[in-house]
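See structure below.
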Amino acid sequence: MKNVPIVDRSSLVSGLYKELQLNPRETAVVTIDMHRGHLDMDVATMPATPEDAKRVISGARQVLDYCRTVEVPIIHVILVYRKLKNLGSEGMVSPFWKALHGAQGEKDRLTPGRPSTVREHNIEGSPGTQIIPELYREGDHVIDNKKRLDCFYGTDLRFLLDTLGVKNVVLMGINTNTCVLNTSFTAFNFDYRVVVLSDCVASMYGDDLHVLGLQNIARCLGWVITNEQFFEKMADRMADKRRSTHGIQS
């Protein structure tokens with residue numbers, strides 16, 4: 001497989017950023033699999049790198065703490081599998097994951113250079129299914145019946161978003177190229193405004209697929225922005241609202 005250079009679309013991305021508007025009253029943050037099974041090296045069964053875990057948790061906490069102060073809903077979506085006799089877990093129904101379990105060796109795993117297991121990942125009741133404690137607060141919403149790579153598939157995420165009046169879906173979590181990307185596609189197809197926070201996503205599969213996921217989203221599906229850019233867009237909208245309330249024209 002030949003190396004393919006990334007096409008420079010920075011001008012397009014810059015133009016798209018100018019068009020982005022985020023009304024806090026129509027915005028929700030969806031955290032994707034920000035659980036100990038990916039981000040706590042003591043119990044993780046499919047670990048991100050320690051460096052990525054530290055970066056993502058720190059960035060996510062910054063955003064989530066801010067969102068609670070401005071009353072932006074936070075929805076944690078967590079993958080949890082039942083343990084099934086003679087199968088291992090619900091995940092093993094997937095032909096690819098079943099084959100991967102059979103083919104894996106010391107060097108051939110989903111997580112390059114780190115031990116991992118498909119069969120034992122996030123079994124119901126295991127420590128890995130717990131949300132990273134720094135990221136959860138009472139009042140956050142939790143959806144804990146995710147089974148595949150799309151947060152909408154088989155869950156009530158869309159129902160909850162629509163009940164909350166959400167039009168802007170801000171995504172963070174693990175993994176950039178699978179669950180974040182799949183959820184971005186579905187959110188796009190449901191006509192939500194899709195925003196992914198680059199400071200708060202990572203891929204256990206490797207930096208190459210992390211970059212692929214971000215490029216795909218930024219050029220085809222939505223906005224990939226930093227935490228600071230997110231705060232800037234939220235502040236701009238709130239300033240516009242204050243000016244409108246007081247009859248001040250910019």
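Ordering of the structure tokens sets the chain letters (A, B, ...), residue numbers begin anew at 1 in every chain, and ligands are numbered from 1 in the order given.
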message = Using DSSP secondary structure from the backbone, list all strand (DSSP E or B) positions within stretch 10-241 of chain A, as JSON, numbers by chain.
response = {"A": [27, 28, 29, 30, 31, 32, 35, 74, 75, 76, 77, 78, 79, 81, 123, 131, 141, 142, 143, 144, 145, 146, 168, 169, 170, 171, 172, 173, 174, 193, 194, 195, 196, 197, 198, 199, 200, 201, 202, 223, 224, 225]}
Long-range neighbours of A:His76 as a PyMOL selection string, 10 Å cut-off, only C-alpha atoms, 3 positions minimum in chain = chain A and resi 29-35+131+135-136+140-144+151+157+172-173
inquiry  = Nearest residue to A:Cys67 out of A:Ala28, A:Glu19, A:Leu160, A:Gln215, using only C-alpha atoms?
reply    =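 Result for the nearest residue to A:Cys67: A:Ala28.
Atom CA of A:Ile57 to atom CA of A:Cys220 spans 26.6 Å [interatomic distance, one decimal].
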request  = For A:Tyr205, list every protein, DNA or RNA residue within 12 Å, evaluated using only C-alpha atoms, and leave out those in the same chain fewer than 4 positions away; present the list as an NGL selection string.
outcome  = :A and (38 or 46-49 or 52 or 108-114 or 116 or 174-179 or 209-213)
inquiry  = Based on the backbone DSSP call, show me all residues of stretch 136-167 of chain A assigned helix (DSSP H, G or I), as a ChimeraX atom specification.
reply    = /A:157-163
Closest atom pairs, residues of stretch 47-114 of chain A within 6 Å of stretch 185-202 of chain A, only C-alpha atoms, as a Markdown table:
| residue | atom | partner | partner_atom | distance |
| --- | --- | --- | --- | --- |
| A:Val56 | CA | A:Cys200 | CA | 4.5 |
| A:Gly59 | CA | A:Cys200 | CA | 5.3 |
| A:Ala60 | CA | A:Cys200 | CA | 5.4 |
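Among A:Ser14, A:Ser94, A:Thr45, A:Asn3, the residue with the shortest atom-to-atom distance to A:Met204, counting only C-alpha atoms, is A:Thr45.
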query = How many Å lie between atom CA of A:Phe159 and atom CA of A:Leu181, rounded to one decimal?
reply =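 Computing the Euclidean distance for atom CA of A:Phe159 and atom CA of A:Leu181 yields 20.1 Å.
The gap separating atom CA of A:Val80 from atom CA of A:Lys147 is 6.6 Å, in Å to one decimal.
With only C-alpha atoms as the atoms that count, the residue of A:Asn182, A:Ser58, A:Thr163, A:Asn168 with the shortest distance to A:Thr27 is A:Asn168.
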inquiry  = From the options A:Gly128, A:Gly139, A:Pro133, A:Pro24, which residue's atoms come nearest to A:Leu79, counting only C-alpha atoms?
reply    =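 Of A:Gly128, A:Gly139, A:Pro133, A:Pro24, the one nearest A:Leu79, counting only C-alpha atoms, is A:Gly128.
Restricting the calculation to only C-alpha atoms, the smallest distance between A:Glu26 and any of A:Asp236, A:Glu134, A:Glu120, A:Glu71 is found for A:Glu71.
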